[in-house]
Every structure is written in structure tokens, then in C-alpha cells.
$ cat model06.pdb   # PDB, C-alpha atoms and all ligand atoms
ATOM      1  CA  MET E   1       0.000   0.000   0.000
ATOM      2  CA  GLU E   2       1.212   3.470  -0.890
ATOM      3  CA  LYS E   3       2.534   5.470   2.042
ATOM      4  CA  LEU E   4       3.322   9.125   2.388
ATOM      5  CA  LYS E   5       6.897   9.732   3.580
ATOM      6  CA  ILE E   6       7.356  12.810   5.726
ATOM      7  CA  ALA E   7      10.839  13.907   6.765
ATOM      8  CA  ILE E   8      11.292  15.603  10.122
ATOM      9  CA  GLN E   9      14.346  16.635  12.137
ATOM     10  CA  LYS E  10      15.940  13.731  13.986
ATOM     11  CA  SER E  11      16.990  15.695  17.025
ATOM     12  CA  GLY E  12      16.989  19.409  17.599
ATOM     13  CA  ARG E  13      14.702  22.357  18.081
ATOM     14  CA  LEU E  14      12.092  21.161  15.562
ATOM     15  CA  SER E  15      11.859  17.489  16.513
ATOM     16  CA  GLU E  16       9.559  17.566  19.507
ATOM     17  CA  LYS E  17       7.133  20.090  18.048
ATOM     18  CA  SER E  18       6.994  18.317  14.696
ATOM     19  CA  LEU E  19       6.077  15.070  16.465
ATOM     20  CA  ASP E  20       3.542  16.943  18.619
ATOM     21  CA  VAL E  21       1.665  18.390  15.670
ATOM     22  CA  ILE E  22       1.556  14.961  13.994
ATOM     23  CA  ALA E  23       0.364  13.316  17.231
ATOM     24  CA  GLU E  24      -2.416  15.921  17.542
ATOM     25  CA  THR E  25      -3.752  14.878  14.123
ATOM     26  CA  GLY E  26      -4.525  11.521  15.753
ATOM     27  CA  ILE E  27      -1.858   9.656  13.788
ATOM     28  CA  ASN E  28      -0.099   7.046  15.938
ATOM     29  CA  LEU E  29       3.532   6.309  15.288
ATOM     30  CA  ASN E  30       4.574   2.779  16.146
ATOM     31  CA  ASN E  31       8.069   3.403  17.295
ATOM     32  CA  GLY E  32       7.770   7.077  18.141
ATOM     33  CA  SER E  33      11.320   7.089  19.411
ATOM     34  CA  ARG E  34      14.013   8.284  17.073
ATOM     35  CA  LYS E  35      14.670   5.363  14.769
ATOM     36  CA  LEU E  36      15.523   6.203  11.191
ATOM     37  CA  ILE E  37      11.971   5.400  10.126
ATOM     38  CA  SER E  38       8.728   5.272  12.062
ATOM     39  CA  LEU E  39       5.514   3.770  10.692
ATOM     40  CA  ALA E  40       2.033   5.042  11.475
ATOM     41  CA  SER E  41      -0.436   2.381  12.553
ATOM     42  CA  ASN E  42      -3.655   4.187  11.598
ATOM     43  CA  PHE E  43      -2.723   6.324   8.585
ATOM     44  CA  PRO E  44      -0.734   5.562   5.405
ATOM     45  CA  LEU E  45       2.314   7.449   6.570
ATOM     46  CA  GLU E  46       5.911   6.945   7.545
ATOM     47  CA  ILE E  47       8.260   9.380   9.194
ATOM     48  CA  LEU E  48      11.907   9.695   8.170
ATOM     49  CA  PHE E  49      14.158  11.215  10.829
ATOM     50  CA  LEU E  50      16.933  13.294   9.243
ATOM     51  CA  ARG E  51      19.269  16.219   9.866
ATOM     52  CA  ASP E  52      17.305  19.348   9.093
ATOM     53  CA  ASP E  53      19.812  20.524   6.476
ATOM     54  CA  ASP E  54      19.182  17.408   4.387
ATOM     55  CA  ILE E  55      15.399  17.684   4.369
ATOM     56  CA  PRO E  56      14.864  20.184   1.502
ATOM     57  CA  GLN E  57      17.015  18.142  -0.890
ATOM     58  CA  TYR E  58      15.322  14.862   0.025
ATOM     59  CA  VAL E  59      11.941  16.474  -0.587
ATOM     60  CA  ALA E  60      13.107  18.020  -3.862
ATOM     61  CA  ASP E  61      14.365  14.603  -5.041
ATOM     62  CA  GLY E  62      11.183  12.827  -3.986
ATOM     63  CA  VAL E  63      12.971  10.560  -1.466
ATOM     64  CA  ALA E  64      10.553  12.158   0.992
ATOM     65  CA  ASP E  65       7.132  13.363  -0.187
ATOM     66  CA  ALA E  66       6.952  16.137   2.371
ATOM     67  CA  GLY E  67       9.063  17.597   5.138
ATOM     68  CA  ILE E  68       8.960  19.846   8.166
ATOM     69  CA  VAL E  69      11.849  22.276   8.317
ATOM     70  CA  GLY E  70      12.689  25.890   9.179
ATOM     71  CA  GLU E  71      12.072  28.301   6.313
ATOM     72  CA  ASN E  72      15.659  29.535   6.825
ATOM     73  CA  VAL E  73      16.952  26.053   5.987
ATOM     74  CA  MET E  74      14.830  25.772   2.850
ATOM     75  CA  MET E  75      15.950  29.213   1.645
ATOM     76  CA  GLU E  76      19.596  28.361   2.256
ATOM     77  CA  SER E  77      19.283  25.045   0.398
ATOM     78  CA  GLY E  78      18.252  26.870  -2.766
ATOM     79  CA  ASN E  79      15.301  24.502  -3.277
ATOM     80  CA  GLN E  80      12.173  26.565  -3.848
ATOM     81  CA  LEU E  81       9.619  23.993  -2.776
ATOM     82  CA  GLU E  82       5.887  24.407  -2.348
ATOM     83  CA  ILE E  83       5.017  25.505   1.191
ATOM     84  CA  LEU E  84       1.793  23.711   2.104
ATOM     85  CA  GLU E  85       1.454  25.314   5.525
ATOM     86  CA  ARG E  86       3.243  27.531   8.007
ATOM     87  CA  LEU E  87       3.229  25.683  11.295
ATOM     88  CA  GLY E  88       3.630  28.550  13.777
ATOM     89  CA  PHE E  89       6.538  27.157  15.819
ATOM     90  CA  ALA E  90      10.340  27.633  15.810
ATOM     91  CA  ARG E  91       9.863  31.267  14.924
ATOM     92  CA  CYS E  92      13.115  33.153  14.429
ATOM     93  CA  ARG E  93      14.797  35.526  12.021
ATOM     94  CA  LEU E  94      18.039  35.685  10.073
ATOM     95  CA  SER E  95      19.710  38.980  10.846
ATOM     96  CA  LEU E  96      22.942  40.886  10.441
ATOM     97  CA  ALA E  97      24.593  42.015  13.654
ATOM     98  CA  VAL E  98      27.633  44.173  14.400
ATOM     99  CA  PRO E  99      29.551  44.972  17.597
ATOM    100  CA  LYS E 100      27.397  47.324  19.656
ATOM    101  CA  SER E 101      30.000  50.118  19.583
ATOM    102  CA  VAL E 102      29.772  50.351  15.779
ATOM    103  CA  ASN E 103      28.005  53.366  14.376
ATOM    104  CA  TYR E 104      25.700  51.706  11.864
ATOM    105  CA  ALA E 105      24.334  53.922   9.081
ATOM    106  CA  GLY E 106      22.724  51.425   6.694
ATOM    107  CA  PRO E 107      23.368  48.399   4.443
ATOM    108  CA  GLN E 108      26.330  50.071   2.687
ATOM    109  CA  HIS E 109      28.155  49.655   5.986
ATOM    110  CA  PHE E 110      28.834  46.062   4.907
ATOM    111  CA  ALA E 111      30.761  47.002   1.724
ATOM    112  CA  GLY E 112      34.226  45.459   2.005
ATOM    113  CA  LYS E 113      33.460  43.942   5.423
ATOM    114  CA  ARG E 114      34.009  40.332   6.537
ATOM    115  CA  ILE E 115      30.754  38.633   7.604
ATOM    116  CA  ALA E 116      30.682  35.270   9.366
ATOM    117  CA  THR E 117      27.670  33.015   8.823
ATOM    118  CA  SER E 118      26.308  29.503   8.319
ATOM    119  CA  TYR E 119      23.853  30.944   5.774
ATOM    120  CA  PRO E 120      26.079  32.121   2.888
ATOM    121  CA  ASN E 121      23.429  31.733   0.177
ATOM    122  CA  VAL E 122      20.719  33.766   1.888
ATOM    123  CA  LEU E 123      23.286  36.402   2.808
ATOM    124  CA  GLN E 124      24.772  36.566  -0.690
ATOM    125  CA  ALA E 125      21.322  36.995  -2.215
ATOM    126  CA  TRP E 126      20.606  39.930   0.109
ATOM    127  CA  LEU E 127      24.004  41.549  -0.558
ATOM    128  CA  SER E 128      23.653  41.106  -4.327
ATOM    129  CA  GLU E 129      20.198  42.629  -4.331
ATOM    130  CA  LYS E 130      21.669  45.699  -2.628
ATOM    131  CA  ASN E 131      24.800  45.722  -4.847
ATOM    132  CA  ILE E 132      27.079  45.309  -1.871
ATOM    133  CA  LEU E 133      30.405  43.485  -2.173
ATOM    134  CA  ALA E 134      31.414  41.839   1.097
ATOM    135  CA  GLU E 135      33.546  38.892   2.129
ATOM    136  CA  ILE E 136      31.531  35.939   3.455
ATOM    137  CA  HIS E 137      33.213  33.576   5.925
ATOM    138  CA  VAL E 138      31.312  30.329   6.271
ATOM    139  CA  ILE E 139      31.449  28.827   9.743
ATOM    140  CA  ASN E 140      29.285  26.134  11.226
ATOM    141  CA  GLY E 141      28.315  26.798  14.806
ATOM    142  CA  SER E 142      29.233  29.504  17.329
ATOM    143  CA  VAL E 143      28.910  32.221  14.709
ATOM    144  CA  GLU E 144      28.220  34.734  17.478
ATOM    145  CA  ILE E 145      31.816  34.666  18.712
ATOM    146  CA  ALA E 146      33.322  35.477  15.277
ATOM    147  CA  THR E 147      33.647  39.230  15.818
ATOM    148  CA  GLY E 148      34.991  38.879  19.347
ATOM    149  CA  ILE E 149      37.893  36.687  18.164
ATOM    150  CA  GLY E 150      38.672  38.972  15.230
ATOM    151  CA  LEU E 151      37.492  36.571  12.531
ATOM    152  CA  ALA E 152      34.866  38.919  11.141
ATOM    153  CA  ASP E 153      33.464  42.455  11.336
ATOM    154  CA  ALA E 154      29.861  41.298  11.473
ATOM    155  CA  ILE E 155      27.779  38.154  11.708
ATOM    156  CA  PHE E 156      24.675  36.906   9.946
ATOM    157  CA  ASP E 157      22.817  34.398  12.097
ATOM    158  CA  ILE E 158      19.558  33.171  13.563
ATOM    159  CA  VAL E 159      18.078  35.441  16.209
ATOM    160  CA  SER E 160      15.198  34.525  18.438
ATOM    161  CA  SER E 161      15.069  36.394  21.759
ATOM    162  CA  GLY E 162      18.234  38.355  20.917
ATOM    163  CA  SER E 163      19.974  37.400  24.147
ATOM    164  CA  THR E 164      22.829  35.542  22.400
ATOM    165  CA  LEU E 165      23.665  38.742  20.530
ATOM    166  CA  ILE E 166      23.552  40.845  23.679
ATOM    167  CA  SER E 167      25.758  38.490  25.658
ATOM    168  CA  ASN E 168      28.328  38.624  22.860
ATOM    169  CA  GLY E 169      28.351  42.431  22.684
ATOM    170  CA  LEU E 170      26.497  42.556  19.379
ATOM    171  CA  LYS E 171      23.475  44.451  18.082
ATOM    172  CA  GLU E 172      21.019  43.415  15.386
ATOM    173  CA  VAL E 173      21.033  45.949  12.539
ATOM    174  CA  GLU E 174      19.254  44.304   9.590
ATOM    175  CA  LYS E 175      16.582  41.616   9.546
ATOM    176  CA  VAL E 176      16.855  39.676   6.286
ATOM    177  CA  LEU E 177      14.359  36.822   6.719
ATOM    178  CA  ASP E 178      11.529  35.863   9.066
ATOM    179  CA  SER E 179      11.310  32.131   9.606
ATOM    180  CA  GLU E 180       9.134  29.486  11.215
ATOM    181  CA  ALA E 181       8.647  25.769  10.715
ATOM    182  CA  ILE E 182       6.974  24.991   7.388
ATOM    183  CA  LEU E 183       5.436  21.909   5.805
ATOM    184  CA  LEU E 184       7.038  21.371   2.397
ATOM    185  CA  ALA E 185       5.758  19.245  -0.461
ATOM    186  CA  SER E 186       7.693  17.386  -3.113
ATOM    187  CA  PRO E 187       6.887  18.243  -6.730
ATOM    188  CA  LEU E 188       7.219  14.507  -7.543
ATOM    189  CA  MET E 189       4.217  12.980  -5.727
ATOM    190  CA  ASN E 190       1.928  10.648  -7.686
ATOM    191  CA  SER E 191      -1.835  11.144  -7.590
ATOM    192  CA  ARG E 192      -2.381   8.673  -4.719
ATOM    193  CA  LYS E 193       0.212  10.462  -2.579
ATOM    194  CA  LYS E 194      -1.375  13.798  -3.416
ATOM    195  CA  GLU E 195      -4.651  12.429  -2.102
ATOM    196  CA  ILE E 196      -3.017  11.255   1.115
ATOM    197  CA  ILE E 197      -1.232  14.547   1.659
ATOM    198  CA  GLY E 198      -4.514  16.369   1.068
ATOM    199  CA  GLU E 199      -6.021  14.441   3.959
ATOM    200  CA  PHE E 200      -2.939  14.969   6.128
ATOM    201  CA  LEU E 201      -3.011  18.702   5.398
ATOM    202  CA  PHE E 202      -6.693  18.886   6.319
ATOM    203  CA  ARG E 203      -5.847  17.354   9.696
ATOM    204  CA  ILE E 204      -2.864  19.653  10.215
ATOM    205  CA  ARG E 205      -5.042  22.703   9.479
ATOM    206  CA  THR E 206      -7.610  21.442  11.965
ATOM    207  CA  VAL E 207      -4.903  21.173  14.613
ATOM    208  CA  LEU E 208      -3.513  24.633  13.860
ATOM    209  CA  ALA E 209      -6.969  26.222  13.880
ATOM    210  CA  SER E 210      -7.760  24.708  17.261
ATOM    211  CA  ARG E 211      -4.401  25.890  18.603
ATOM    212  CA  ASN E 212      -5.046  29.416  17.317
ATOM    213  CA  ASN E 213      -8.617  29.827  18.462
ATOM    214  CA  LYS E 214     -10.545  29.786  21.718
ATOM    215  CA  TYR E 215     -14.186  29.193  22.479
ATOM    216  CA  ILE E 216     -15.682  32.197  24.248
ATOM    217  CA  LEU E 217     -18.912  32.529  26.252
ATOM    218  CA  LEU E 218     -20.168  35.706  27.856
ATOM    219  CA  ASN E 219     -23.204  37.551  29.135
ATOM    220  CA  ALA E 220     -24.086  40.624  27.092
ATOM    221  CA  PRO E 221     -26.449  43.479  27.887
ATOM    222  CA  ASN E 222     -29.004  43.503  25.031
ATOM    223  CA  LYS E 223     -28.449  47.213  24.398
ATOM    224  CA  ASN E 224     -24.908  46.418  23.166
ATOM    225  CA  LEU E 225     -25.666  43.039  21.614
ATOM    226  CA  ASN E 226     -25.113  44.172  18.016
ATOM    227  CA  LYS E 227     -21.713  45.646  18.791
ATOM    228  CA  ILE E 228     -20.684  42.462  20.572
ATOM    229  CA  ILE E 229     -21.913  40.246  17.726
ATOM    230  CA  ASN E 230     -19.886  42.320  15.251
ATOM    231  CA  LEU E 231     -16.824  41.892  17.405
ATOM    232  CA  LEU E 232     -17.192  38.098  17.539
ATOM    233  CA  PRO E 233     -18.085  36.882  14.073
ATOM    234  CA  GLY E 234     -17.013  33.331  15.017
ATOM    235  CA  MET E 235     -17.049  30.624  12.375
ATOM    236  CA  LYS E 236     -20.329  31.615  10.753
ATOM    237  CA  SER E 237     -22.067  33.789  13.283
ATOM    238  CA  PRO E 238     -22.248  33.647  17.083
ATOM    239  CA  THR E 239     -24.940  31.773  18.990
ATOM    240  CA  VAL E 240     -27.147  34.143  21.007
ATOM    241  CA  LEU E 241     -29.473  32.798  23.720
ATOM    242  CA  PRO E 242     -31.666  34.803  26.097
ATOM    243  CA  LEU E 243     -30.723  34.733  29.769
ATOM    244  CA  ALA E 244     -33.435  34.168  32.366
ATOM    245  CA  LEU E 245     -32.651  37.698  33.523
ATOM    246  CA  GLU E 246     -34.514  40.301  31.416
ATOM    247  CA  GLY E 247     -32.312  42.483  29.148
ATOM    248  CA  TRP E 248     -29.362  40.082  28.946
ATOM    249  CA  SER E 249     -28.177  37.436  26.474
ATOM    250  CA  SER E 250     -25.577  34.708  26.463
ATOM    251  CA  VAL E 251     -23.218  34.863  23.462
ATOM    252  CA  HIS E 252     -21.097  31.890  22.315
ATOM    253  CA  SER E 253     -18.407  32.284  19.681
ATOM    254  CA  VAL E 254     -14.800  31.679  18.663
ATOM    255  CA  VAL E 255     -11.985  34.167  19.043
ATOM    256  CA  ASN E 256      -8.559  34.141  17.431
ATOM    257  CA  GLU E 257      -5.534  34.028  19.713
ATOM    258  CA  ASN E 258      -3.952  36.986  17.880
ATOM    259  CA  ASP E 259      -6.864  39.367  18.546
ATOM    260  CA  PHE E 260      -7.634  37.936  21.937
ATOM    261  CA  TRP E 261      -6.693  40.743  24.356
ATOM    262  CA  GLN E 262      -7.954  43.479  22.081
ATOM    263  CA  VAL E 263     -11.328  41.731  21.792
ATOM    264  CA  ILE E 264     -11.562  41.148  25.544
ATOM    265  CA  GLU E 265     -10.881  44.813  26.245
ATOM    266  CA  LYS E 266     -13.621  45.909  23.825
ATOM    267  CA  LEU E 267     -16.077  43.342  25.225
ATOM    268  CA  ARG E 268     -15.576  44.751  28.698
ATOM    269  CA  SER E 269     -16.105  48.291  27.448
ATOM    270  CA  TYR E 270     -19.436  47.099  25.925
ATOM    271  CA  GLY E 271     -20.514  45.813  29.324
ATOM    272  CA  ALA E 272     -19.927  42.084  28.756
ATOM    273  CA  GLU E 273     -19.777  40.062  31.968
ATOM    274  CA  GLY E 274     -18.972  36.511  33.026
ATOM    275  CA  ILE E 275     -16.557  35.999  30.154
ATOM    276  CA  LEU E 276     -15.347  32.379  29.907
ATOM    277  CA  VAL E 277     -12.605  31.319  27.505
ATOM    278  CA  ILE E 278     -12.145  27.630  26.759
ATOM    279  CA  PRO E 279      -9.560  25.761  24.662
ATOM    280  CA  ILE E 280     -10.840  24.024  21.540
ATOM    281  CA  GLU E 281      -9.971  20.363  21.124
ATOM    282  CA  LYS E 282     -10.542  20.262  17.343
ATOM    283  CA  MET E 283     -11.717  22.968  14.956
ATOM    284  CA  ILE E 284     -12.754  21.962  11.437
ATOM    285  CA  VAL E 285     -12.166  24.908   9.112
TER     286      VAL E 285
HETATM  287  O1  LIG G 301      21.394  18.596  13.762
HETATM  288  P1  LIG G 301      20.596  19.433  12.818
HETATM  289  O2  LIG G 301      21.375  19.951  11.656
HETATM  290  O3  LIG G 301      19.316  18.749  12.432
HETATM  291  O4  LIG G 301      20.115  20.701  13.698
HETATM  292  P2  LIG G 301      20.690  22.191  13.782
HETATM  293  O5  LIG G 301      21.684  22.241  14.869
HETATM  294  O6  LIG G 301      21.082  22.682  12.429
HETATM  295  O7  LIG G 301      19.397  23.024  14.118
HETATM  296  P3  LIG G 301      18.646  23.389  15.504
HETATM  297  O8  LIG G 301      17.956  22.182  16.042
HETATM  298  O9  LIG G 301      19.530  24.168  16.412
HETATM  299  O10 LIG G 301      17.566  24.424  14.922
HETATM  300  C1  LIG G 301      16.618  24.005  13.988
HETATM  301  C2  LIG G 301      15.824  25.206  13.504
HETATM  302  O11 LIG G 301      15.174  25.851  14.607
HETATM  303  C3  LIG G 301      16.611  26.333  12.867
HETATM  304  O12 LIG G 301      16.989  26.058  11.540
HETATM  305  C4  LIG G 301      15.603  27.469  12.943
HETATM  306  O13 LIG G 301      14.683  27.370  11.886
HETATM  307  C5  LIG G 301      14.856  27.186  14.240
HETATM  308  N1  LIG G 301      15.225  28.085  15.367
HETATM  309  C6  LIG G 301      14.339  28.837  16.083
HETATM  310  C7  LIG G 301      16.440  28.323  15.896
HETATM  311  C8  LIG G 301      16.283  29.249  16.940
HETATM  312  N2  LIG G 301      14.956  29.543  17.034
HETATM  313  C9  LIG G 301      17.438  29.698  17.675
HETATM  314  N3  LIG G 301      17.287  30.531  18.571
HETATM  315  N4  LIG G 301      17.666  27.831  15.598
HETATM  316  C10 LIG G 301      18.739  28.244  16.292
HETATM  317  N5  LIG G 301      18.691  29.169  17.287
HETATM  318  C11 LIG G 301      20.004  29.540  17.936
HETATM  319  C12 LIG G 301      20.817  30.502  17.066
HETATM  320  O14 LIG G 301      21.686  29.790  16.238
HETATM  321  C13 LIG G 301      21.593  31.345  18.038
HETATM  322  O15 LIG G 301      22.788  30.718  18.445
HETATM  323  O16 LIG G 301      19.824  30.228  19.147
HETATM  324  C14 LIG G 301      20.690  31.376  19.230
HETATM  325  C15 LIG G 301      19.892  32.644  19.187
HETATM  326  O17 LIG G 301      18.847  32.590  20.102
HETATM  327  P4  LIG G 301      18.474  33.862  21.003
HETATM  328  O18 LIG G 301      17.170  33.489  21.640
HETATM  329  O19 LIG G 301      19.588  34.046  21.996
HETATM  330  O20 LIG G 301      18.342  35.062  20.076
HETATM  331 ZN    ZN G 302      21.137  21.741  10.764
END

$ encode --input "model06.pdb" --output "C-alpha cells" --more "lines below"
Ligand code: PRT
Ligand code: ZN
Amino acid sequence: MEKLKIAIQKSGRLSEKSLDVIAETGINLNNGSRKLISLASNFPLEILFLRDDDIPQYVADGVADAGIVGENVMMESGNQLEILERLGFARCRLSLAVPKSVNYAGPQHFAGKRIATSYPNVLQAWLSEKNILAEIHVINGSVEIATGIGLADAIFDIVSSGSTLISNGLKEVEKVLDSEAILLASPLMNSRKKEIIGEFLFRIRTVLASRNNKYILLNAPNKNLNKIINLLPGMKSPTVLPLALEGWSSVHSVVNENDFWQVIEKLRSYGAEGILVIPIEKMIV
């Protein structure tokens, strides 16, 4: 029977969260531990555990049908593969940083400078686009110490909280790429595999929607009911039920995590009371 092969990182920052999102789709992996291959018992799928840097090429060649990898890694690999979904974890950025004492006036600062990085291709593309000639030093690991030891004038590296830069006396001066984990598809899937990945993607989107949304219940004074309904469009339209108490209604809807605090603040200003917010187990979008 045809099986979809999905490549994920063997061990590292993406591994746990990639397995989590797959587990939340209800797919059971037989030997969930990090073998080279893991078979699903209740879905036509197998997981290949690889180094993240190898994943884009394997997906491009069709050895894997899909893969979960950081967008930074795909961009660096030079394989422009179809992104089926952005998965919302492992968010980071690729940025240029210089010693904090440097007076930085703009991208031309990098002309003639030595820049240390593990991402030479992404960096070169950015420099070329800006017509800047700089010297790229490729190093793998501990890029952040390159300026301190006199190897380079600047670094180009992954930044998340920014604390690694600060503790190495550096400051971020240009953000070149925003990244997060992405689900990639191979251009070489046959029609059966396309069907399977369609079903897998539907499940992944269900998981992401339920992660990104909350169920909300509240009591609304009828005089502000229209405003509150407009604020909470929900999936189709909110449920409104009369309370036993005259002049009040109960409103049930769905609210997106991103707008959450803004919506809550407005609801309170419209006189909403007894607001309850509940996680959603599954949300079919
Ligand atoms: O062994 P393998 O090759 O598979 O793994 P790896 O060592 O290449 O990658 P890994 O597991 O370290 O990271 C995998 C992916 O996680 C990266 O390609 C990014 O897409 C993503 N990611 C998200 C990060 C970070 N956040 C991150 N903070 N990858 C690395 N870092 C490092 C960064 O290199 C720097 O040293 O953390 C430091 C910066 O963090 P802050 O918080 O101090 O700014
Ligand atoms: Zn890697």
C-alpha cells in the first residue's frame, strides 16, 4: 500500500514540536522514538528522521514526499519547494549584527566587510540585491563569537530572543528573513500520494486552527448586543441565547488568539460580563 513519507528533524529544536503536531492529528507512530523510520499504525504514513539541512534536498528529489523544516533552511538550500502550511513554531529571524559600539548607518556599511555566517546563500542573495560586495566567511556553529575573536566584522545568524547577541556584545542591525517551521511538499508525488497529503493537510489545518482559536462565552447586555456580535463573528455567526434575567443574552463564539486581548478589552467596554474562555480540542475549518 502506498505510504506518504514525511521527513522531520531527527533531534533538535524542531523534533519535539513536529512530532507533537503529527500526534495531535490523531496519527499514531509505532516506534515514536528516534529510529531512522517510524511507521504510522492508523494512517498511510511513515516518518523519516533526518538532519534538518538534508530535508529540503530529500523532498526536492522525492525521497521524501513532504518535510517539516525551518524556512531559513529551505531558503539556504536553494530549493524553492511548495510551502503547504506555516506551522507557527520555531519562529526566528536571520539577521545581520555588528559589535554594539559600531556606528551603523545602513546596508552600505557592509561594503568590504568580513561577515561570518552559516547561511552564505541567503546572505549573498541579500548583498547582491543591494549591490554590496562583502567577504563571506562560512562557519558552522558559534557564529556569534566570530567578531569577538577577530574573525569577522559582522555576523549573519539566527536570532530569536536576541539574548545571544547581547551576551556577545552585538546588536542586530538588519533583519533579512523571518522564519518558522513549514510543511514542504515534493513536486514529484503521484496522484495517490497527493490524495493522502490532502487528507494529512486537512488534519494539520484542523490542529492549527484549534491551537489558534478559543471558544468564548459571555453575558451581554441587550443594548450592546449588536456591537458584541460584530466583534465576535465566530465561524459563521455567534450563537445568542436569552438569559433568564430580562435584558441580557448569552453569546457563544470563537476568538482568534492573535486578537484575543484586544477583543476582551472591547467586550468589557461594551458591558460584557462573566466571560469564559475555553480551549478548543478540534476545529474543522
Ligand atoms: O542537527 P541538525 O542539523 O538537524 O540541527 P541544527 O543544529 O542545524 O538546528 P537546531 O535544532 O539548532 O535548529 C533548527 C531550527 O530551529 C533552525 O533552523 C531554525 O529554523 C529554528 N530556530 C528557532 C532556531 C532558533 N529559534 C534559535 N534561537 N535555531 C537556532 N537558534 C540559535 C541561534 O543559532 C543562536 O545561536 O539560538 C541562538 C539565538 O537565540 P536567542 O534566543 O539568543 O536570540
Ligand atoms: Zn542543521

$ residues_around --input "model06.pdb" --residues "stretch 252-267 of chain E" --least-positions-apart "4" --cutoff "7 Å" --atoms "only C-alpha atoms" --output "MDAnalysis selection string"
chainID E and resid 212:218 228 232 234:235 238:240 271:272

$ resolve_selection --input "model06.pdb" --expression "the PyMOL selection byres (((not hetatm)) within 10 of (chain G and resi 301))" --output "VMD selection string"
chain E and resid 8 to 15 49 to 55 69 to 74 76 89 to 94 118 140 to 145 156 to 168 172 178 to 182

$ closest_residue --input "model06.pdb" --among "E:Ser249, E:Asn42, E:Ser210, E:Ser18" --to "E:Ile229" --atoms "all atoms listed in the file"
E:Ser249

$ residues_near_point --input "model06.pdb" --point "(-1.2, 12.7, 0.5)" --cutoff "12 Å" --atoms "only C-alpha atoms" --output "PyMOL selection string"
chain E and resi 2-6+43-46+64-66+84+185-186+188-203

$ closest_residue --input "model06.pdb" --among "E:Val207, E:Leu177, E:Ile132, E:Ala97" --to "E:Ile155" --atoms "all atoms listed in the file"
E:Ala97

$ atom_distance --input "model06.pdb" --atom1 "atom CA of E:Lys175" --atom2 "atom CA of E:Ile83"
21.5 Å

$ atom_distance --input "model06.pdb" --atom1 "atom CA of E:Ile136" --atom2 "atom CA of E:Thr117"
7.2 Å

$ resolve_selection --input "model06.pdb" --expression "the PyMOL selection byres (((chain E and resi 137) around 9) and not hetatm)" --output "MDAnalysis selection string"
chainID E and resid 114:118 120 135:136 138:139 151:152

$ write_last_selection --input "model06.pdb" --atoms "C-alpha atoms" --output "CSV table (one decimal), in the coordinates of the input"
chain,number,residue,atom,x,y,z
E,114,ARG,CA,34.0,40.3,6.5
E,115,ILE,CA,30.8,38.6,7.6
E,116,ALA,CA,30.7,35.3,9.4
E,117,THR,CA,27.7,33.0,8.8
E,118,SER,CA,26.3,29.5,8.3
E,120,PRO,CA,26.1,32.1,2.9
E,135,GLU,CA,33.5,38.9,2.1
E,136,ILE,CA,31.5,35.9,3.5
E,138,VAL,CA,31.3,30.3,6.3
E,139,ILE,CA,31.4,28.8,9.7
E,151,LEU,CA,37.5,36.6,12.5
E,152,ALA,CA,34.9,38.9,11.1

$ atom_distance --input "model06.pdb" --atom1 "atom CA of E:Asn219" --atom2 "atom CA of E:Lys236"
19.5 Å

$ closest_residue --input "model06.pdb" --among "E:Pro56, E:Leu48, E:Asn28, E:Leu96" --to "ligand ZN 302 (chain G)" --atoms "all atoms listed in the file"
E:Pro56

$ resolve_selection --input "model06.pdb" --expression "the PyMOL selection byres (((chain E and resi 282) around 10) and not hetatm)" --output "VMD selection string"
chain E and resid 24 to 25 203 205 to 211 213 279 to 281 283 to 285

$ closest_residue --input "model06.pdb" --among "E:Ala125, E:Ala7, E:Val277, E:Leu36" --to "E:Val59" --atoms "all atoms listed in the file"
E:Ala7

$ axis_aligned_box --input "model06.pdb" --around "stretch 4-11 of chain E" --padding-each-side "8 Å" --output "AutoDock Vina command-line options"
--center_x 10.2 --center_y 12.9 --center_z 9.7 --size_x 29.7 --size_y 23.5 --size_z 30.6

$ closest_residue --input "model06.pdb" --among "E:Leu276, E:Ala220, E:Asn79, E:Gly106" --to "E:Gly247" --atoms "all atoms listed in the file"
E:Ala220

$ closest_residue --input "model06.pdb" --among "E:Leu225, E:Ile27, E:Ala244, E:Ala111" --to "E:Leu39" --atoms "only C-alpha atoms"
E:Ile27

$ decode --input "model06.pdb" --residues "stretch 259-263 of chain E" --atoms "all heavy atoms" --output "compact mmCIF listing (two decimals), in the first residue's frame"
# COMPACT_ATOMS: atom_id res chain seq x y z
N ASP E 259 -6.06 38.17 18.22
CA ASP E 259 -6.86 39.37 18.55
C ASP E 259 -7.36 39.31 19.97
O ASP E 259 -8.12 40.17 20.40
CB ASP E 259 -8.13 39.46 17.66
CG ASP E 259 -7.85 39.10 16.24
OD1 ASP E 259 -6.76 39.47 15.77
OD2 ASP E 259 -8.70 38.46 15.59
N PHE E 260 -6.97 38.26 20.69
CA PHE E 260 -7.63 37.94 21.94
C PHE E 260 -7.76 39.11 22.91
O PHE E 260 -8.87 39.51 23.28
CB PHE E 260 -6.92 36.75 22.61
CG PHE E 260 -7.58 36.31 23.86
CD1 PHE E 260 -8.75 35.58 23.81
CD2 PHE E 260 -7.06 36.65 25.10
CE1 PHE E 260 -9.38 35.18 24.97
CE2 PHE E 260 -7.69 36.26 26.27
CZ PHE E 260 -8.86 35.52 26.19
N TRP E 261 -6.64 39.73 23.30
CA TRP E 261 -6.69 40.74 24.36
C TRP E 261 -7.43 41.99 23.92
O TRP E 261 -8.15 42.62 24.69
CB TRP E 261 -5.29 41.06 24.89
CG TRP E 261 -4.77 39.92 25.69
CD1 TRP E 261 -3.77 39.06 25.35
CD2 TRP E 261 -5.29 39.44 26.95
NE1 TRP E 261 -3.62 38.08 26.31
CE2 TRP E 261 -4.54 38.30 27.30
CE3 TRP E 261 -6.32 39.86 27.80
CZ2 TRP E 261 -4.75 37.57 28.48
CZ3 TRP E 261 -6.54 39.14 28.97
CH2 TRP E 261 -5.77 38.02 29.29
N GLN E 262 -7.25 42.32 22.64
CA GLN E 262 -7.95 43.48 22.08
C GLN E 262 -9.47 43.26 22.14
O GLN E 262 -10.23 44.15 22.54
CB GLN E 262 -7.53 43.59 20.62
CG GLN E 262 -7.40 44.99 20.10
CD GLN E 262 -7.03 44.92 18.63
OE1 GLN E 262 -6.37 43.96 18.19
NE2 GLN E 262 -7.45 45.90 17.88
N VAL E 263 -9.90 42.06 21.78
CA VAL E 263 -11.33 41.73 21.79
C VAL E 263 -11.86 41.76 23.23
O VAL E 263 -12.93 42.33 23.49
CB VAL E 263 -11.58 40.36 21.13
CG1 VAL E 263 -12.99 39.86 21.39
CG2 VAL E 263 -11.31 40.43 19.64
